[in-house]
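Peer 1: So here's work_8.pdb, just PDB, C-alpha atoms:
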```
ATOM      1  CA  MET A   1       0.000   0.000   0.000
ATOM      2  CA  PRO A   2       1.225   3.537  -0.648
ATOM      3  CA  ALA A   3       2.414   5.354   2.417
ATOM      4  CA  ASP A   4       0.504   8.272   3.902
ATOM      5  CA  ASN A   5       1.435  11.622   2.393
ATOM      6  CA  HIS A   6       2.661  13.039   5.707
ATOM      7  CA  THR A   7       4.429  10.035   7.206
ATOM      8  CA  VAL A   8       8.180   9.769   6.794
ATOM      9  CA  PHE A   9       9.176   6.170   6.061
ATOM     10  CA  ASP A  10      12.128   4.126   4.908
ATOM     11  CA  PRO A  11      11.186   2.679   1.516
ATOM     12  CA  VAL A  12      11.616  -1.077   1.776
ATOM     13  CA  THR A  13      10.070  -1.629  -1.622
ATOM     14  CA  TYR A  14       8.892   0.433  -4.561
ATOM     15  CA  ILE A  15       6.228  -0.474  -7.090
ATOM     16  CA  LEU A  16       6.960   0.336 -10.738
ATOM     17  CA  THR A  17       3.618   1.148 -12.343
ATOM     18  CA  GLY A  18       4.773   1.090 -15.975
ATOM     19  CA  ILE A  19       3.681   3.816 -18.363
ATOM     20  CA  PRO A  20       0.886   5.895 -16.758
ATOM     21  CA  GLY A  21      -2.257   6.137 -18.864
ATOM     22  CA  THR A  22      -1.487   3.064 -20.978
ATOM     23  CA  GLU A  23      -2.504   0.317 -18.533
ATOM     24  CA  GLU A  24      -4.894  -1.315 -21.010
ATOM     25  CA  SER A  25      -2.370  -1.427 -23.840
ATOM     26  CA  GLN A  26       0.856  -2.249 -21.988
ATOM     27  CA  VAL A  27       0.835  -5.858 -23.239
ATOM     28  CA  TRP A  28       0.803  -4.559 -26.815
ATOM     29  CA  ILE A  29       3.494  -1.984 -26.043
ATOM     30  CA  SER A  30       5.643  -4.785 -24.636
ATOM     31  CA  ILE A  31       5.773  -6.611 -27.996
ATOM     32  CA  PRO A  32       7.998  -4.073 -29.841
ATOM     33  CA  PHE A  33       9.971  -3.542 -26.617
ATOM     34  CA  CYS A  34      10.650  -7.285 -26.381
ATOM     35  CA  LEU A  35      11.592  -7.542 -30.060
ATOM     36  CA  MET A  36      13.995  -4.599 -29.701
ATOM     37  CA  TYR A  37      15.592  -6.258 -26.673
ATOM     38  CA  VAL A  38      16.025  -9.558 -28.530
ATOM     39  CA  VAL A  39      17.661  -7.724 -31.458
ATOM     40  CA  THR A  40      19.868  -5.846 -28.966
ATOM     41  CA  LEU A  41      21.038  -9.056 -27.283
ATOM     42  CA  PHE A  42      21.661 -10.878 -30.553
ATOM     43  CA  GLY A  43      23.274  -7.969 -32.418
ATOM     44  CA  ASN A  44      25.626  -6.813 -29.674
ATOM     45  CA  SER A  45      26.585 -10.356 -28.639
ATOM     46  CA  LEU A  46      27.375 -11.203 -32.280
ATOM     47  CA  LEU A  47      29.383  -7.998 -32.627
ATOM     48  CA  LEU A  48      31.403  -8.781 -29.499
ATOM     49  CA  PHE A  49      31.981 -12.378 -30.629
ATOM     50  CA  ILE A  50      33.213 -11.333 -34.073
ATOM     51  CA  ILE A  51      35.540  -8.596 -32.795
ATOM     52  CA  LEU A  52      37.014 -10.678 -29.980
ATOM     53  CA  SER A  53      37.436 -13.848 -32.076
ATOM     54  CA  GLU A  54      38.897 -12.202 -35.198
ATOM     55  CA  GLN A  55      42.530 -11.249 -34.635
ATOM     56  CA  SER A  56      42.446  -8.875 -37.623
ATOM     57  CA  LEU A  57      39.781  -6.785 -35.853
ATOM     58  CA  HIS A  58      41.898  -6.176 -32.762
ATOM     59  CA  GLU A  59      42.461  -2.591 -33.872
ATOM     60  CA  PRO A  60      41.599   0.561 -31.901
ATOM     61  CA  MET A  61      38.389   1.389 -33.786
ATOM     62  CA  TYR A  62      36.949  -2.113 -33.373
ATOM     63  CA  LEU A  63      38.025  -2.361 -29.741
ATOM     64  CA  PHE A  64      36.066   0.819 -29.044
ATOM     65  CA  VAL A  65      33.098  -0.674 -30.926
ATOM     66  CA  SER A  66      33.306  -3.747 -28.661
ATOM     67  CA  MET A  67      33.306  -1.465 -25.592
ATOM     68  CA  LEU A  68      30.190   0.251 -26.945
ATOM     69  CA  ALA A  69      28.515  -3.123 -27.523
ATOM     70  CA  ALA A  70      29.278  -4.167 -23.929
ATOM     71  CA  ALA A  71      27.835  -0.890 -22.605
ATOM     72  CA  ASP A  72      24.731  -1.391 -24.785
ATOM     73  CA  LEU A  73      24.201  -4.872 -23.346
ATOM     74  CA  LEU A  74      24.556  -3.551 -19.791
ATOM     75  CA  LEU A  75      22.212  -0.608 -20.395
ATOM     76  CA  SER A  76      19.416  -2.626 -21.969
ATOM     77  CA  THR A  77      19.737  -5.638 -19.630
ATOM     78  CA  ALA A  78      19.632  -3.391 -16.553
ATOM     79  CA  ALA A  79      16.273  -1.933 -17.639
ATOM     80  CA  VAL A  80      14.330  -4.072 -20.109
ATOM     81  CA  PRO A  81      13.777  -7.422 -18.287
ATOM     82  CA  LYS A  82      12.122  -5.656 -15.324
ATOM     83  CA  MET A  83      10.218  -3.463 -17.770
ATOM     84  CA  LEU A  84       8.787  -6.544 -19.502
ATOM     85  CA  ALA A  85       7.936  -8.124 -16.131
ATOM     86  CA  VAL A  86       5.894  -5.018 -15.302
ATOM     87  CA  PHE A  87       4.070  -5.159 -18.642
ATOM     88  CA  TRP A  88       3.421  -8.916 -18.721
ATOM     89  CA  PHE A  89       2.972  -9.977 -15.099
ATOM     90  CA  ARG A  90       2.317  -6.677 -13.265
ATOM     91  CA  ALA A  91       5.458  -7.616 -11.308
ATOM     92  CA  GLY A  92       6.371  -4.041 -10.476
ATOM     93  CA  GLU A  93       7.549  -4.592  -6.912
ATOM     94  CA  ILE A  94      11.256  -3.910  -6.461
ATOM     95  CA  SER A  95      13.268  -3.541  -3.258
ATOM     96  CA  PHE A  96      14.905  -0.225  -2.468
ATOM     97  CA  ALA A  97      18.382  -1.803  -2.758
ATOM     98  CA  ALA A  98      17.500  -3.394  -6.116
ATOM     99  CA  CYS A  99      16.056  -0.080  -7.295
ATOM    100  CA  LEU A 100      19.279   1.742  -6.432
ATOM    101  CA  THR A 101      21.311  -1.009  -8.132
ATOM    102  CA  GLN A 102      19.240  -0.783 -11.303
ATOM    103  CA  MET A 103      19.471   3.005 -11.239
ATOM    104  CA  PHE A 104      23.256   2.812 -10.848
ATOM    105  CA  PHE A 105      23.852   0.423 -13.756
ATOM    106  CA  ILE A 106      21.477   2.224 -16.133
ATOM    107  CA  HIS A 107      23.091   5.600 -15.545
ATOM    108  CA  VAL A 108      26.670   4.246 -15.399
ATOM    109  CA  SER A 109      26.295   2.480 -18.744
ATOM    110  CA  PHE A 110      24.701   5.594 -20.270
ATOM    111  CA  MET A 111      27.583   7.734 -19.005
ATOM    112  CA  ALA A 112      30.082   5.143 -20.269
ATOM    113  CA  GLU A 113      28.543   5.225 -23.749
ATOM    114  CA  SER A 114      29.035   8.985 -23.924
ATOM    115  CA  ALA A 115      32.706   8.606 -22.963
ATOM    116  CA  ILE A 116      33.211   5.748 -25.454
ATOM    117  CA  LEU A 117      31.721   7.869 -28.260
ATOM    118  CA  LEU A 118      34.210  10.617 -27.349
ATOM    119  CA  ALA A 119      37.057   8.065 -27.461
ATOM    120  CA  MET A 120      35.839   6.879 -30.882
ATOM    121  CA  ALA A 121      35.772  10.468 -32.147
ATOM    122  CA  PHE A 122      39.376  10.882 -30.957
ATOM    123  CA  ASP A 123      40.272   7.613 -32.695
ATOM    124  CA  ARG A 124      38.838   8.857 -36.014
ATOM    125  CA  TYR A 125      40.545  12.244 -35.553
ATOM    126  CA  VAL A 126      43.985  10.623 -35.149
ATOM    127  CA  ALA A 127      43.344   8.132 -37.986
ATOM    128  CA  ILE A 128      42.427  10.859 -40.481
ATOM    129  CA  CYS A 129      44.344  13.918 -39.279
ATOM    130  CA  ASP A 130      47.561  12.216 -38.138
ATOM    131  CA  PRO A 131      47.575   8.760 -39.800
ATOM    132  CA  LEU A 132      51.363   8.251 -39.644
ATOM    133  CA  ARG A 133      51.310   8.362 -35.845
ATOM    134  CA  TYR A 134      48.049   6.418 -35.434
ATOM    135  CA  THR A 135      49.615   3.151 -34.266
ATOM    136  CA  ILE A 136      52.089   5.028 -32.067
ATOM    137  CA  ILE A 137      49.420   7.083 -30.283
ATOM    138  CA  LEU A 138      46.674   4.465 -29.958
ATOM    139  CA  THR A 139      48.518   1.427 -28.667
ATOM    140  CA  LYS A 140      46.687  -1.391 -26.879
ATOM    141  CA  SER A 141      48.078  -0.081 -23.599
ATOM    142  CA  VAL A 142      46.619   3.372 -24.254
ATOM    143  CA  ILE A 143      43.262   1.864 -25.256
ATOM    144  CA  GLY A 144      43.221  -0.176 -22.039
ATOM    145  CA  LYS A 145      43.888   2.973 -20.002
ATOM    146  CA  MET A 146      41.131   4.805 -21.888
ATOM    147  CA  GLY A 147      38.729   1.955 -21.102
ATOM    148  CA  LEU A 148      39.682   2.149 -17.424
ATOM    149  CA  ALA A 149      39.185   5.932 -17.498
ATOM    150  CA  VAL A 150      35.694   5.431 -18.995
ATOM    151  CA  VAL A 151      34.694   3.067 -16.170
ATOM    152  CA  THR A 152      36.253   5.261 -13.455
ATOM    153  CA  ARG A 153      34.641   8.467 -14.709
ATOM    154  CA  SER A 154      31.245   6.809 -15.042
ATOM    155  CA  PHE A 155      31.415   5.392 -11.512
ATOM    156  CA  CYS A 156      32.626   8.646  -9.938
ATOM    157  CA  THR A 157      29.929  10.655 -11.738
ATOM    158  CA  ILE A 158      26.979   8.395 -10.918
ATOM    159  CA  PHE A 159      27.828   7.248  -7.374
ATOM    160  CA  PRO A 160      26.910  10.676  -5.872
ATOM    161  CA  PHE A 161      23.411  10.290  -7.396
ATOM    162  CA  ILE A 162      22.957   7.012  -5.512
ATOM    163  CA  PHE A 163      24.388   8.494  -2.312
ATOM    164  CA  LEU A 164      22.039  11.491  -2.516
ATOM    165  CA  VAL A 165      18.941   9.351  -3.145
ATOM    166  CA  LYS A 166      19.833   6.998  -0.287
ATOM    167  CA  ARG A 167      19.881   9.949   2.145
ATOM    168  CA  LEU A 168      16.404  11.182   1.197
ATOM    169  CA  ASN A 169      13.346  10.842   3.424
ATOM    170  CA  PHE A 170      10.260   9.552   1.634
ATOM    171  CA  CYS A 171       6.752  10.421   2.760
ATOM    172  CA  ARG A 172       4.528  10.546  -0.309
ATOM    173  CA  THR A 173       4.191   7.166  -1.937
ATOM    174  CA  ASN A 174       6.203   4.162  -3.015
ATOM    175  CA  LEU A 175       4.536   4.067  -6.437
ATOM    176  CA  VAL A 176       7.064   4.971  -9.149
ATOM    177  CA  PRO A 177       5.290   6.085 -12.347
ATOM    178  CA  HIS A 178       7.928   4.540 -14.572
ATOM    179  CA  THR A 179       9.064   1.262 -16.146
ATOM    180  CA  TYR A 180      12.425   1.306 -14.335
ATOM    181  CA  CYS A 181      14.062   3.107 -11.417
ATOM    182  CA  ASP A 182      14.935   6.422 -12.985
ATOM    183  CA  TYR A 183      16.836   8.836 -10.757
ATOM    184  CA  THR A 184      14.468  11.757 -11.322
ATOM    185  CA  ALA A 185      11.309   9.675 -10.878
ATOM    186  CA  VAL A 186      12.502   8.271  -7.534
ATOM    187  CA  ALA A 187      13.870  11.589  -6.197
ATOM    188  CA  ARG A 188      10.512  13.285  -6.851
ATOM    189  CA  LEU A 189       8.871  10.931  -4.344
ATOM    190  CA  ALA A 190      10.897  12.429  -1.469
ATOM    191  CA  CYS A 191       9.489  14.909   1.011
ATOM    192  CA  ASP A 192      12.931  16.542   1.384
ATOM    193  CA  ASP A 193      14.161  19.463  -0.685
ATOM    194  CA  ILE A 194      15.858  18.003  -3.768
ATOM    195  CA  THR A 195      17.433  21.247  -5.023
ATOM    196  CA  VAL A 196      20.942  19.824  -4.547
ATOM    197  CA  HIS A 197      19.957  16.737  -6.539
ATOM    198  CA  VAL A 198      18.553  18.843  -9.363
ATOM    199  CA  TRP A 199      21.628  21.065  -9.573
ATOM    200  CA  TYR A 200      23.995  18.101  -9.478
ATOM    201  CA  GLY A 201      22.038  16.571 -12.353
ATOM    202  CA  VAL A 202      22.280  19.840 -14.294
ATOM    203  CA  ALA A 203      26.035  20.043 -13.598
ATOM    204  CA  VAL A 204      26.562  16.480 -14.879
ATOM    205  CA  ALA A 205      24.471  17.188 -17.970
ATOM    206  CA  ILE A 206      26.475  20.347 -18.783
ATOM    207  CA  PHE A 207      30.022  19.566 -17.658
ATOM    208  CA  VAL A 208      30.133  15.850 -18.494
ATOM    209  CA  LEU A 209      27.639  14.944 -21.214
ATOM    210  CA  GLY A 210      27.621  18.468 -22.661
ATOM    211  CA  LEU A 211      31.427  18.636 -22.699
ATOM    212  CA  ASP A 212      31.568  15.207 -24.380
ATOM    213  CA  ALA A 213      29.181  16.420 -27.083
ATOM    214  CA  VAL A 214      31.202  19.615 -27.662
ATOM    215  CA  LEU A 215      34.509  17.730 -27.911
ATOM    216  CA  ILE A 216      32.931  15.205 -30.305
ATOM    217  CA  ALA A 217      31.635  18.063 -32.464
ATOM    218  CA  VAL A 218      35.070  19.746 -32.456
ATOM    219  CA  SER A 219      36.735  16.430 -33.407
ATOM    220  CA  TYR A 220      34.441  15.907 -36.366
ATOM    221  CA  GLY A 221      34.816  19.534 -37.409
ATOM    222  CA  LEU A 222      38.584  19.033 -37.581
ATOM    223  CA  ILE A 223      38.070  15.705 -39.362
ATOM    224  CA  LEU A 224      35.853  17.297 -42.032
ATOM    225  CA  ARG A 225      38.402  20.052 -42.558
ATOM    226  CA  ALA A 226      41.144  17.449 -43.032
ATOM    227  CA  VAL A 227      38.958  15.289 -45.305
ATOM    228  CA  PHE A 228      38.152  18.099 -47.712
ATOM    229  CA  ARG A 229      41.864  18.908 -47.985
ATOM    230  CA  LEU A 230      42.660  15.408 -49.256
ATOM    231  CA  PRO A 231      43.811  15.524 -52.890
ATOM    232  CA  SER A 232      42.001  12.369 -54.034
ATOM    233  CA  LYS A 233      38.224  12.173 -54.357
ATOM    234  CA  ASP A 234      38.326   8.451 -53.573
ATOM    235  CA  ALA A 235      40.273   9.128 -50.377
ATOM    236  CA  ARG A 236      37.712  11.766 -49.356
ATOM    237  CA  LEU A 237      34.791   9.380 -49.958
ATOM    238  CA  LYS A 238      36.498   6.560 -48.060
ATOM    239  CA  ALA A 239      37.162   8.828 -45.066
ATOM    240  CA  LEU A 240      33.577  10.111 -45.089
ATOM    241  CA  ARG A 241      32.184   6.562 -45.263
ATOM    242  CA  THR A 242      34.367   5.536 -42.328
ATOM    243  CA  CYS A 243      33.082   8.444 -40.231
ATOM    244  CA  GLY A 244      29.477   8.064 -41.416
ATOM    245  CA  SER A 245      28.691   5.130 -39.128
ATOM    246  CA  HIS A 246      30.167   6.978 -36.136
ATOM    247  CA  VAL A 247      28.056  10.072 -36.811
ATOM    248  CA  CYS A 248      24.921   7.900 -37.059
ATOM    249  CA  ILE A 249      25.713   6.276 -33.696
ATOM    250  CA  ILE A 250      26.354   9.653 -32.060
ATOM    251  CA  LEU A 251      23.003  11.009 -33.293
ATOM    252  CA  LEU A 252      21.213   7.837 -32.171
ATOM    253  CA  PHE A 253      22.723   8.229 -28.705
ATOM    254  CA  TYR A 254      22.223  11.926 -28.042
ATOM    255  CA  MET A 255      18.900  12.638 -29.777
ATOM    256  CA  PRO A 256      16.675  10.326 -27.660
ATOM    257  CA  SER A 257      18.285  11.565 -24.429
ATOM    258  CA  VAL A 258      17.847  15.213 -25.473
ATOM    259  CA  PHE A 259      14.188  14.670 -26.398
ATOM    260  CA  SER A 260      13.627  12.794 -23.126
ATOM    261  CA  SER A 261      15.226  15.595 -21.069
ATOM    262  CA  LEU A 262      13.209  18.290 -22.847
ATOM    263  CA  ALA A 263       9.972  16.346 -22.383
ATOM    264  CA  ASP A 264      10.746  15.917 -18.680
ATOM    265  CA  GLU A 265      11.267  19.671 -18.284
ATOM    266  CA  PHE A 266       7.848  20.326 -19.839
ATOM    267  CA  ARG A 267       6.044  17.448 -18.149
ATOM    268  CA  ASN A 268       3.341  19.850 -16.919
ATOM    269  CA  ILE A 269       2.132  20.408 -20.483
ATOM    270  CA  ILE A 270       3.190  17.107 -22.101
ATOM    271  CA  PRO A 271       1.137  13.982 -21.288
ATOM    272  CA  GLY A 272       2.893  11.694 -18.807
ATOM    273  CA  TYR A 273       2.807   8.646 -21.081
ATOM    274  CA  ILE A 274       4.737  10.556 -23.786
ATOM    275  CA  VAL A 275       7.381  11.647 -21.263
ATOM    276  CA  ASN A 276       7.659   8.040 -20.099
ATOM    277  CA  LEU A 277       7.865   6.601 -23.611
ATOM    278  CA  LEU A 278      10.620   9.062 -24.521
ATOM    279  CA  ALA A 279      12.515   8.083 -21.356
ATOM    280  CA  ASN A 280      12.411   4.479 -22.577
ATOM    281  CA  LEU A 281      13.860   5.391 -25.961
ATOM    282  CA  TYR A 282      17.451   5.800 -24.847
ATOM    283  CA  VAL A 283      17.538   2.351 -23.211
ATOM    284  CA  LEU A 284      15.958   0.695 -26.267
ATOM    285  CA  ILE A 285      16.775   2.454 -29.542
ATOM    286  CA  PRO A 286      20.575   3.073 -29.454
ATOM    287  CA  PRO A 287      21.497  -0.403 -28.092
ATOM    288  CA  MET A 288      19.349  -2.002 -30.802
ATOM    289  CA  LEU A 289      20.555   0.100 -33.739
ATOM    290  CA  ASN A 290      24.259   0.406 -32.898
ATOM    291  CA  PRO A 291      25.225  -3.136 -34.018
ATOM    292  CA  ILE A 292      22.979  -2.822 -37.096
ATOM    293  CA  VAL A 293      24.662   0.426 -38.155
ATOM    294  CA  TYR A 294      28.160  -0.986 -37.651
ATOM    295  CA  GLY A 295      27.216  -4.264 -39.314
ATOM    296  CA  VAL A 296      25.887  -2.523 -42.427
ATOM    297  CA  LYS A 297      28.246   0.457 -42.696
ATOM    298  CA  THR A 298      31.545  -1.196 -41.723
ATOM    299  CA  LYS A 299      32.806  -3.434 -44.517
ATOM    300  CA  GLU A 300      35.184  -5.503 -42.377
ATOM    301  CA  ILE A 301      32.490  -6.337 -39.794
ATOM    302  CA  LEU A 302      29.862  -7.012 -42.472
ATOM    303  CA  GLU A 303      32.187  -9.502 -44.217
ATOM    304  CA  ARG A 304      32.774 -11.373 -40.942
ATOM    305  CA  VAL A 305      29.044 -11.447 -40.141
ATOM    306  CA  ILE A 306      28.271 -12.900 -43.583
ATOM    307  CA  ASN A 307      31.081 -15.417 -43.113
ATOM    308  CA  VAL A 308      29.702 -16.520 -39.715
ATOM    309  CA  PHE A 309      26.203 -17.062 -41.138
ATOM    310  CA  TYR A 310      27.604 -18.847 -44.176
ATOM    311  CA  ARG A 311      29.593 -21.264 -41.989
ATOM    312  CA  CYS A 312      26.527 -21.930 -39.821
ATOM    313  CA  TRP A 313      24.384 -22.539 -42.902
ATOM    314  CA  SER A 314      27.008 -24.830 -44.450
ATOM    315  CA  ARG A 315      27.231 -26.952 -41.306
ATOM    316  CA  SER A 316      23.453 -27.248 -40.990
ATOM    317  CA  SER A 317      23.059 -28.248 -44.649
ATOM    318  CA  VAL A 318      25.655 -31.030 -44.522
ATOM    319  CA  PRO A 319      23.811 -34.380 -44.256
ATOM    320  CA  ASN A 320      24.582 -36.551 -41.253
TER     321      ASN A 320
END
```
Write the structure described by the file as C-alpha cells, please.
Peer 2:
Amino acid sequence: MPADNHTVFDPVTYILTGIPGTEESQVWISIPFCLMYVVTLFGNSLLLFIILSEQSLHEPMYLFVSMLAAADLLLSTAAVPKMLAVFWFRAGEISFAACLTQMFFIHVSFMAESAILLAMAFDRYVAICDPLRYTIILTKSVIGKMGLAVVTRSFCTIFPFIFLVKRLNFCRTNLVPHTYCDYTAVARLACDDITVHVWYGVAVAIFVLGLDAVLIAVSYGLILRAVFRLPSKDARLKALRTCGSHVCIILLFYMPSVFSSLADEFRNIIPGYIVNLLANLYVLIPPMLNPIVYGVKTKEILERVINVFYRCWSRSSVPN
C-alpha cells in the first residue's frame, strides 16, 4: 500500500507502475519492446563475438566498438527485463536496494557510452588527421587505459546520485510512475528538498555529457576540414564513409536523451505517457541500432558477419 502523504518512512520496496495512462495497452506496447531487446542481445553479442574472435579486428576502432557493444548490453539488460515483467505480469515490486542497483547500472552504462563515443571520435581524428602516428598514439596499452578511465569516470559521476537518493526521506508514496528506477522519478517521491539533486544533475548534464558532445563536435569539425583537404576524391569518400557510421551512432545516442530531457522539463504540459515513452527510448533504440549500423556500414564487420552465417548454414546443410 502507498504510504501516507505526511508520514516519513524508509522505503523497503517500490512499485513500478509502468507507463501511466497506458494500462490497457501495456501488453501490446511490450511486444515491440521485447523484439527490440532480442535484437539488442543478438546484435551486440554477435558484434562482441566477431571482434574478440577475429585477430584482424583487434584494432583501436573495433576495440572501441566492442566497448560500446558491452555498454549497450549492460544498459538494456539493466532496464528491459524488469520493464517486460511489469508489462506482462504486473510484477512491479522492487526492493529499495534493487532499485538503487538498477538506477546505478542504467546511468553508469549511459555515461560510459558517452565517454566511449568521445574516445571513438578521438580515434577517427587521429586516424584521419595524423595517420602516420596512429599506431604510435593508440597502442593497446593506451586503449586499455582509456577503457579504465571510462569506467572510473562513469562510476565517480553516478555514485553521488545514488548516495544522494539513499539519504532522502520519503513520505509521499512508493509508487514509481515509470518502467524502471529512474533517478528523477525516484527523487521526486521524497518529502525533502531536492534542489541539490537537481543542480547536481544539471552540472553532470552540462560539464560531463555536454562537454563530451562539444569535444565530439570539435573532433568531427577538424576531421571534415582534413577530409576536404585530401587531394584524391576516392580518399575523401572513403574517409567520409568511415566516419558516417560513427556520426549515425552519435546522433542515435544523443537525440533520444535530449528529447527525453526536454519532455521531462515540460512534463506539466506534455502527457505523462509521452514523457515516459521518450525516457524508454534511450535504453531501447541506441542499443538495438548500434550493431545494425556498424554491421551494415563497416565493410570488415559485415564480411565477418556474412562469413559466420555462411559457416553456420554450411554446417546445418551437410547431411549426417
Peer 1: Enumerate, in order of chain and increasing residue number, the residues of range 106-204 of chain A with an atom no farther than 8 Å from range 56-69 of chain A, each with its shortest atom pair and distance in Å to one decimal, counting only C-alpha atoms, as a tab-separated table.
Peer 2:
```
residue	atom	partner	partner_atom	distance
A:Glu113	CA	A:Leu68	CA	6.1
A:Ile116	CA	A:Leu68	CA	6.4
A:Leu117	CA	A:Leu68	CA	7.9
A:Ala119	CA	A:Phe64	CA	7.5
A:Met120	CA	A:Phe64	CA	6.3
A:Asp123	CA	A:Met61	CA	6.6
A:Arg124	CA	A:Met61	CA	7.8
A:Leu138	CA	A:Pro60	CA	6.7
A:Thr139	CA	A:Pro60	CA	7.7
A:Lys140	CA	A:Pro60	CA	7.4
A:Ile143	CA	A:Pro60	CA	7.0
A:Gly147	CA	A:Met67	CA	7.8
```
Peer 1: Which distance in Å separates CA of Tyr200 in chain A and CA of Pro160 in chain A, to one decimal?
Peer 2: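 Between CA of Tyr200 in chain A and CA of Pro160 in chain A the gap is 8.8 Å.
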Peer 1: Selection in question (the file shown): the PyMOL selection byres ((chain A and resi 297) around 10). Which residues does it include, as a list of chain:residue names?
Peer 2: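 That expression, the PyMOL selection byres ((chain A and resi 297) around 10), corresponds here to A:Arg241, A:Thr242, A:Cys243, A:Gly244, A:Ser245, A:His246, A:Cys248, A:Pro291, A:Ile292, A:Val293, A:Tyr294, A:Gly295, A:Val296, A:Thr298, A:Lys299, A:Glu300, A:Ile301, A:Leu302.
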Peer 1: So, with all atoms listed in the file as the atoms that count, which of A:Leu211, A:Leu47, A:Leu41, A:Cys181 lies closest to Phe104 in chain A?
Peer 2: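 Checking each candidate against Phe104 in chain A, we get A:Cys181 as the closest.
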Peer 1: Considering only C-alpha atoms, state which residue in the set A:Ile270, A:Leu73, A:Ile223, A:Ile158 is at the smallest distance from Leu46 in chain A.
Peer 2: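 Looking at the shortest contact to Leu46 in chain A, the residue is A:Leu73.
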Peer 1: What does the PyMOL selection byres ((chain A and resi 184-195) around 6) select in this file, as a PDB file with C-alpha atoms, in the frame of the given file?
Peer 2:
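Once written, result.pdb looks like this:
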```pdb
ATOM      1  CA  ASN A 169      13.346  10.842   3.424  1.00  0.00           C
ATOM      2  CA  PHE A 170      10.260   9.552   1.634  1.00  0.00           C
ATOM      3  CA  CYS A 171       6.752  10.421   2.760  1.00  0.00           C
ATOM      4  CA  ARG A 172       4.528  10.546  -0.309  1.00  0.00           C
ATOM      5  CA  ASP A 182      14.935   6.422 -12.985  1.00  0.00           C
ATOM      6  CA  TYR A 183      16.836   8.836 -10.757  1.00  0.00           C
ATOM      7  CA  VAL A 196      20.942  19.824  -4.547  1.00  0.00           C
ATOM      8  CA  HIS A 197      19.957  16.737  -6.539  1.00  0.00           C
ATOM      9  CA  VAL A 198      18.553  18.843  -9.363  1.00  0.00           C
TER      10      VAL A 198
END
```
Peer 1: Carefully work through the PyMOL selection byres ((chain A and resi 128) around 12) for this structure and note down the residues it includes, as a ChimeraX atom specification.
Peer 2: /A:121-127,129-134,219-230,235-236,238-240,242-243
Peer 1: Which residue is closest to Gly18 in chain A? Choose from A:Ala112, A:Ala98, A:Leu175, A:Leu209 and count all atoms listed in the file.
Peer 2: A:Leu175
Peer 1: In Å, with one decimal, what is the gap from CA of Ser30 in chain A to CA of Phe110 in chain A?
Peer 2: 22.1 Å
Peer 1: Please, what distance in Å, to one decimal, runs between CA of Gly144 in chain A and CA of Ser114 in chain A?
Peer 2: 17.0 Å
